[in-house]
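Visitor: Just dropping this structure here.
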Amino acid sequence: MNRTIVMIGYGAMGHEVHRLLPEALSLEWVIEAPERQSAVQAQLGERVRVVSSVDEVKGEPSLVLECAGQQGLRAHGEAVLHRGWRLAVISVGALADQALYDALCEAARAGDTQFEVLSGAVAGMDGLAAAREGGLDRVTYEARKAPRSWQGSHAETLVALDKVTVPTVFFEGTAGEAARLFPANANVAATVALAGVGMEATTVKLVVDPLTTRNTHRIKAEGRFGQFEIELSGFPLEANPKTSTLAALSVVRACRQLLTPAVV
Ligand SMILES: NC(=O)C1=CN([C@@H]2O[C@H](COP(=O)(O)OP(=O)(O)OC[C@H]3O[C@@H](n4cnc5c(N)ncnc54)[C@H](OP(=O)(O)O)[C@@H]3O)[C@@H](O)[C@H]2O)C=CC1
Ligand SMILES: O=C([O-])CC(=O)C(=O)O
């Protein structure tokens with residue numbers, strides 16, 4: 001029998017994850033925002049039930065995938081964990097809110113389960129978290145995306161996206177600020193912070209680059225382990241240029257790990 005998956009939010013990423021879901025897993029429930037429920041139900045057909053709250057989900061899913069944006073995690077995360085279900089989180093920026101982070105930890109303890117912060121659009125979070133065990137002195141993160149990837153975000157109030165002719169830094173601040181101000185674009189800032197030196201000590205630069213079609217992430221870390229610099233230049237998803245393809249693939253990986261005896 002197939003193992004059951006629940007997905008919160010079925011947008012660009014949810015669609016891509018569903019397309020690539022390993023065969024032994026079955027997406028049976030989607031929790032969507034009420035106003036999108038009927039449209040998503042029509043898109044998915046009868047085999048997947050689209051609901052608007054955790055209470056409507058029946059059975060025991062092997063994993064709940066949050067692909068809903070920061071509001072979706074805020075709306076449903078605690079209820080999932082209280083039920084004792086394992087939750088994979090992609091809208092990591094929501095965890096910059098310490099109260100939400102604490103509430104999710106409390107719910108996970110109460111439900112005797114865990115939530116997993118997915119690596120998302122970047123690589124190297126394993127190495128960064130390991131390096132932290134020995135002490136980290138400095139961690140910086142820079143995201144560089146094309147103007148269309150920043151459209152509809154707070155960037156529009158900081159820079160004339162359609163007028164830039166050279167790569168332009170429009171935000172410098174902490175990971176916590178970046179994650180709050182750019183909820184669909186700077187979740188990685190929070191991921192780097194959680195794996196490394198935290199929301200306040202992680203410094204972030206956001207760049208609009210009219211010469212690129214990629215979403216590029218650069219992480220630099222220094223500490224007792226030595227130092228590393230990672231630059232990852234990812235293709236955006238066609239359906240949402242804010243979101244990197246690798247972010248969706250990191251959700252698929254979390255699903256694959258349910259099936260393999262060796263976890264890599
Ligand atoms: N960690 C990482 O590296 C990355 C994380 N992300 C995160 O992943 C999220 C999803 O990306 P993507 O699929 O491209 O975004 P989309 O906007 O395409 O999809 C999000 C979906 O979730 C739905 N949604 C919104 N609110 C709720 C809610 N309260 N309950 C259930 N569903 C809800 C949205 O509905 P509606 O359209 O009505 O709002 C939409 O269908 C991003 O918002 C971002 O937070 C993205 C890229 C990288
Ligand atoms: O997908 C990406 O390139 C990163 C992203 O949107 C985010 O960090 O929220």
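Simple scheme: letters A, B, ... for chains in structure tokens order, numbers from 1 for residues in each chain, numbers from 1 for ligands in the order shown.
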Per residue of chain A within 10 Å of ligand 2, which atom pair is closest and at what distance in Å (one decimal), using only C-alpha atoms and all ligand atoms, listed by chain and increasing number, as a tab-separated table?
Guide:
```
residue	atom	partner	partner_atom_place_in_ligand_line	distance
A:Met13	CA	ligand 2	1 (O)	9.6
A:Gly69	CA	ligand 2	9 (O)	8.8
A:Gln70	CA	ligand 2	9 (O)	9.6
A:Ile90	CA	ligand 2	9 (O)	8.5
A:Ser91	CA	ligand 2	9 (O)	7.1
A:Val92	CA	ligand 2	9 (O)	8.0
A:Gly93	CA	ligand 2	9 (O)	7.4
A:Gly120	CA	ligand 2	1 (O)	7.1
A:Ala121	CA	ligand 2	1 (O)	4.9
A:Val122	CA	ligand 2	3 (O)	7.7
A:Ala143	CA	ligand 2	3 (O)	7.6
A:Arg144	CA	ligand 2	3 (O)	8.5
A:Lys145	CA	ligand 2	3 (O)	7.8
A:Ser149	CA	ligand 2	6 (O)	8.5
A:Trp150	CA	ligand 2	6 (O)	9.4
A:Ala178	CA	ligand 2	8 (O)	9.5
A:Ala179	CA	ligand 2	9 (O)	7.9
A:Phe182	CA	ligand 2	9 (O)	7.5
A:Pro183	CA	ligand 2	9 (O)	6.4
A:Ala184	CA	ligand 2	9 (O)	4.7
A:Asn185	CA	ligand 2	9 (O)	3.5
A:Ala186	CA	ligand 2	8 (O)	3.6
A:Asn187	CA	ligand 2	8 (O)	3.6
A:Val188	CA	ligand 2	8 (O)	3.8
A:Ala189	CA	ligand 2	8 (O)	6.3
A:Ala190	CA	ligand 2	8 (O)	8.0
A:Thr191	CA	ligand 2	8 (O)	8.3
A:Val192	CA	ligand 2	8 (O)	9.8
A:Arg214	CA	ligand 2	3 (O)	8.4
A:Asn215	CA	ligand 2	3 (O)	5.0
A:Thr216	CA	ligand 2	3 (O)	6.9
A:His217	CA	ligand 2	3 (O)	7.3
A:Leu232	CA	ligand 2	3 (O)	9.5
A:Ser233	CA	ligand 2	3 (O)	8.8
A:Gly234	CA	ligand 2	3 (O)	7.0
A:Phe235	CA	ligand 2	3 (O)	8.3
A:Pro236	CA	ligand 2	3 (O)	6.8
A:Leu237	CA	ligand 2	1 (O)	8.3
A:Asn240	CA	ligand 2	1 (O)	9.1
A:Pro241	CA	ligand 2	1 (O)	8.1
A:Lys242	CA	ligand 2	6 (O)	5.0
A:Thr243	CA	ligand 2	1 (O)	3.5
A:Ser244	CA	ligand 2	1 (O)	3.6
A:Thr245	CA	ligand 2	1 (O)	7.0
A:Leu246	CA	ligand 2	1 (O)	7.3
A:Ala247	CA	ligand 2	1 (O)	5.7
A:Ala248	CA	ligand 2	1 (O)	8.5
```
Visitor: Please produce an output containing C-alpha atoms for each residue in the selection, written as a CSV table (one decimal), in the first residue's frame.
Guide:
```csv
chain,number,residue,atom,x,y,z
A,13,MET,CA,6.2,24.4,-5.8
A,69,GLY,CA,4.1,30.3,2.1
A,70,GLN,CA,4.7,31.8,5.5
A,90,ILE,CA,9.9,25.1,3.2
A,91,SER,CA,8.6,28.6,4.3
A,92,VAL,CA,11.4,28.9,6.8
A,93,GLY,CA,11.3,32.6,6.9
A,120,GLY,CA,15.3,24.6,0.1
A,121,ALA,CA,17.0,26.6,-2.7
A,122,VAL,CA,20.5,26.3,-1.2
A,143,ALA,CA,20.7,36.5,-2.9
A,144,ARG,CA,20.8,37.7,-6.5
A,145,LYS,CA,17.8,37.5,-8.8
A,149,SER,CA,11.9,37.6,-9.6
A,150,TRP,CA,11.6,40.6,-7.2
A,178,ALA,CA,15.1,39.9,5.3
A,179,ALA,CA,12.8,36.9,6.1
A,182,PHE,CA,10.6,39.3,1.7
A,183,PRO,CA,8.4,36.4,2.7
A,184,ALA,CA,8.4,34.8,-0.8
A,185,ASN,CA,12.1,35.6,-1.6
A,186,ALA,CA,14.3,35.4,1.5
A,187,ASN,CA,13.3,32.2,3.3
A,188,VAL,CA,16.9,31.0,2.6
A,189,ALA,CA,18.2,33.8,4.8
A,190,ALA,CA,16.3,32.3,7.7
A,191,THR,CA,17.5,28.8,6.8
A,192,VAL,CA,21.1,30.0,6.8
A,214,ARG,CA,19.2,32.6,-12.4
A,215,ASN,CA,18.5,32.7,-8.6
A,216,THR,CA,22.0,32.9,-7.2
A,217,HIS,CA,22.8,32.2,-3.5
A,232,LEU,CA,24.7,28.2,-6.0
A,233,SER,CA,23.2,29.4,-9.3
A,234,GLY,CA,19.7,27.9,-9.6
A,235,PHE,CA,17.1,27.9,-12.4
A,236,PRO,CA,13.8,29.4,-11.2
A,237,LEU,CA,10.6,27.5,-11.6
A,240,ASN,CA,7.1,31.2,-10.3
A,241,PRO,CA,10.4,33.0,-10.9
A,242,LYS,CA,10.8,33.9,-7.2
A,243,THR,CA,11.1,30.2,-6.4
A,244,SER,CA,14.2,28.1,-7.4
A,245,THR,CA,13.7,24.6,-8.8
A,246,LEU,CA,16.1,23.2,-6.2
A,247,ALA,CA,13.7,24.3,-3.4
A,248,ALA,CA,11.0,22.0,-4.9
```
Visitor: Quick one: residues within 8 Å of Phe171 (chain A), only C-alpha atoms counted, chain neighbours fewer than 3 positions away excluded, as a PDB file with N, CA and C atoms, in the first residue's frame?
Guide:
```pdb
ATOM      1  N   LEU A 158      11.990  49.830  -2.795  1.00  0.00           N
ATOM      2  CA  LEU A 158      13.377  50.196  -2.487  1.00  0.00           C
ATOM      3  C   LEU A 158      14.185  50.518  -3.733  1.00  0.00           C
ATOM      4  N   VAL A 204      22.770  39.871   5.646  1.00  0.00           N
ATOM      5  CA  VAL A 204      22.143  39.522   4.364  1.00  0.00           C
ATOM      6  C   VAL A 204      22.222  40.706   3.404  1.00  0.00           C
ATOM      7  N   LYS A 205      22.525  40.379   2.145  1.00  0.00           N
ATOM      8  CA  LYS A 205      22.441  41.364   1.052  1.00  0.00           C
ATOM      9  C   LYS A 205      21.497  40.806   0.007  1.00  0.00           C
ATOM     10  N   LEU A 206      20.602  41.636  -0.497  1.00  0.00           N
ATOM     11  CA  LEU A 206      19.718  41.233  -1.586  1.00  0.00           C
ATOM     12  C   LEU A 206      20.033  42.098  -2.806  1.00  0.00           C
ATOM     13  N   VAL A 207      20.145  41.446  -3.950  1.00  0.00           N
ATOM     14  CA  VAL A 207      20.623  42.117  -5.158  1.00  0.00           C
ATOM     15  C   VAL A 207      19.660  41.862  -6.310  1.00  0.00           C
TER      16      VAL A 207
END
```
Visitor: Counting only C-alpha atoms and all ligand atoms, which residue out of A:Ala68, A:Val166, A:Leu211, A:Val6 sits closest to ligand 1?
Guide: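 Among the listed residues, the smallest separation from ligand 1 belongs to A:Ala68.
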Visitor: Which residue is closest to ligand 1? Choose from A:Glu66, A:Glu78, A:Glu23, A:Glu46 and count only C-alpha atoms and all ligand atoms.
Guide: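 Closest candidate: A:Glu66.
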Visitor: Which residues come within 9 Å of region 97-105 of chain A, counting only C-alpha atoms, excluding same-chain residues fewer than 3 positions away, as a VMD selection string?
Guide: chain A and resid 74 77 to 78 81 to 82 93 to 94 108 to 110 114 to 115 176 180
Visitor: Would you save the residues of that selection, restricted to C-alpha atoms, as a PDB file, in the first residue's frame?
Guide:
```pdb
ATOM      1  CA  ARG A  74       1.491  30.029  10.500  1.00  0.00           C
ATOM      2  CA  GLY A  77       1.829  24.175  11.394  1.00  0.00           C
ATOM      3  CA  GLU A  78       0.855  23.864  15.041  1.00  0.00           C
ATOM      4  CA  LEU A  81       2.365  18.845  14.946  1.00  0.00           C
ATOM      5  CA  HIS A  82      -0.255  18.530  17.696  1.00  0.00           C
ATOM      6  CA  GLY A  93      11.286  32.633   6.948  1.00  0.00           C
ATOM      7  CA  ALA A  94       8.207  32.358   9.156  1.00  0.00           C
ATOM      8  CA  ALA A 108       6.053  19.114  18.248  1.00  0.00           C
ATOM      9  CA  ARG A 109       6.899  18.161  21.834  1.00  0.00           C
ATOM     10  CA  ALA A 110       3.216  17.764  22.701  1.00  0.00           C
ATOM     11  CA  GLN A 114       9.369  16.798  14.805  1.00  0.00           C
ATOM     12  CA  PHE A 115       9.432  19.433  12.103  1.00  0.00           C
ATOM     13  CA  GLY A 176      15.424  38.127  10.506  1.00  0.00           C
ATOM     14  CA  ARG A 180      10.065  39.179   7.378  1.00  0.00           C
TER      15      ARG A 180
END
```
Visitor: Just asking: which residues within region 42-129 of chain A are alpha helix (DSSP H) according to DSSP, as a PyMOL selection string?
Guide: chain A and resi 42-44+70-82+98-110+125-129
Visitor: Could you go through region 50-144 of chain A and tell me which residues DSSP, when run on the backbone, assigns to strand (DSSP E), listing them as a ChimeraX atom specification?
Guide: /A:50-51,63-66,87-89,115-117,136-144
Visitor: Okay, now the selection with N, CA and C atoms, as an mmCIF file, in the first residue's frame?
Guide:
```cif
data_model
loop_
_atom_site.group_PDB
_atom_site.id
_atom_site.type_symbol
_atom_site.label_atom_id
_atom_site.label_comp_id
_atom_site.auth_asym_id
_atom_site.auth_seq_id
_atom_site.Cartn_x
_atom_site.Cartn_y
_atom_site.Cartn_z
ATOM 1 N N VAL A 50 -9.167 18.123 -1.425
ATOM 2 C CA VAL A 50 -8.673 19.467 -1.097
ATOM 3 C C VAL A 50 -9.554 20.057 -0.007
ATOM 4 N N VAL A 51 -8.930 20.393 1.122
ATOM 5 C CA VAL A 51 -9.667 20.893 2.289
ATOM 6 C C VAL A 51 -9.014 22.196 2.753
ATOM 7 N N LEU A 63 4.023 11.948 6.072
ATOM 8 C CA LEU A 63 4.698 13.246 6.107
ATOM 9 C C LEU A 63 3.735 14.328 5.635
ATOM 10 N N VAL A 64 3.823 15.485 6.265
ATOM 11 C CA VAL A 64 3.072 16.661 5.809
ATOM 12 C C VAL A 64 4.081 17.647 5.221
ATOM 13 N N LEU A 65 3.833 18.087 3.991
ATOM 14 C CA LEU A 65 4.745 18.994 3.289
ATOM 15 C C LEU A 65 4.150 20.386 3.293
ATOM 16 N N GLU A 66 4.842 21.316 3.913
ATOM 17 C CA GLU A 66 4.355 22.713 3.857
ATOM 18 C C GLU A 66 4.972 23.384 2.633
ATOM 19 N N LEU A 87 6.350 17.129 10.026
ATOM 20 C CA LEU A 87 6.128 18.268 9.130
ATOM 21 C C LEU A 87 7.456 18.709 8.499
ATOM 22 N N ALA A 88 7.468 18.813 7.164
ATOM 23 C CA ALA A 88 8.635 19.344 6.442
ATOM 24 C C ALA A 88 8.319 20.790 6.066
ATOM 25 N N VAL A 89 9.200 21.705 6.482
ATOM 26 C CA VAL A 89 8.923 23.142 6.347
ATOM 27 C C VAL A 89 9.787 23.753 5.246
ATOM 28 N N PHE A 115 9.499 18.790 13.417
ATOM 29 C CA PHE A 115 9.432 19.433 12.103
ATOM 30 C C PHE A 115 10.847 19.578 11.569
ATOM 31 N N GLU A 116 10.940 19.465 10.248
ATOM 32 C CA GLU A 116 12.249 19.497 9.599
ATOM 33 C C GLU A 116 12.358 20.772 8.762
ATOM 34 N N VAL A 117 13.437 21.512 8.967
ATOM 35 C CA VAL A 117 13.710 22.690 8.146
ATOM 36 C C VAL A 117 14.431 22.204 6.889
ATOM 37 N N LEU A 136 31.141 29.316 15.260
ATOM 38 C CA LEU A 136 31.197 30.094 14.013
ATOM 39 C C LEU A 136 31.465 31.553 14.365
ATOM 40 N N ASP A 137 32.341 32.212 13.580
ATOM 41 C CA ASP A 137 32.635 33.626 13.839
ATOM 42 C C ASP A 137 31.771 34.544 12.987
ATOM 43 N N ARG A 138 31.458 34.108 11.754
ATOM 44 C CA ARG A 138 30.798 35.036 10.820
ATOM 45 C C ARG A 138 30.085 34.246 9.746
ATOM 46 N N VAL A 139 28.832 34.601 9.461
ATOM 47 C CA VAL A 139 28.113 33.980 8.343
ATOM 48 C C VAL A 139 27.401 35.092 7.568
ATOM 49 N N THR A 140 27.635 35.122 6.257
ATOM 50 C CA THR A 140 26.947 36.115 5.416
ATOM 51 C C THR A 140 26.208 35.384 4.290
ATOM 52 N N TYR A 141 25.117 36.006 3.850
ATOM 53 C CA TYR A 141 24.301 35.421 2.780
ATOM 54 C C TYR A 141 23.938 36.514 1.789
ATOM 55 N N GLU A 142 24.065 36.177 0.505
ATOM 56 C CA GLU A 142 23.650 37.129 -0.547
ATOM 57 C C GLU A 142 22.754 36.406 -1.543
ATOM 58 N N ALA A 143 21.614 37.017 -1.870
ATOM 59 C CA ALA A 143 20.730 36.455 -2.909
ATOM 60 C C ALA A 143 20.706 37.424 -4.079
ATOM 61 N N ARG A 144 20.824 36.879 -5.274
ATOM 62 C CA ARG A 144 20.845 37.705 -6.494
ATOM 63 C C ARG A 144 19.822 37.123 -7.464
#
```
Visitor: Would you mind telling me which residue in A:Val48, A:Ala239, A:Ala130, A:Val159 lies nearest to ligand 1 when using only C-alpha atoms and all ligand atoms?
Guide: A:Ala239
Visitor: Of the candidates A:Thr260, A:Thr202, A:Thr4, A:Thr157, which shows the shortest atom-to-atom distance to Glu222 (chain A), using only C-alpha atoms?
Guide: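 Among the listed residues, A:Thr202 lies closest to Glu222 (chain A).
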Visitor: Pick from A:Val251, A:Ala24, A:Val208, A:Val197: nearest to ligand 1, with only C-alpha atoms and all ligand atoms counted?
Guide: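 Answer, going by the shortest atom-to-atom distance: A:Val251.
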Visitor: A:Glu35, A:Asp209, A:Glu229, A:Glu28: which is nearest ligand 1, counting only C-alpha atoms and all ligand atoms?
Guide: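 Between A:Glu35, A:Asp209, A:Glu229, A:Glu28, the residue approaching ligand 1 most closely is A:Glu35.
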Visitor: How many Å lie between atom 25 (C, counted along the ligand's line) of ligand 1 and CA of Arg253 (chain A), rounded to one decimal?
Guide: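 That distance, rounded to one decimal, is 22.5 Å.
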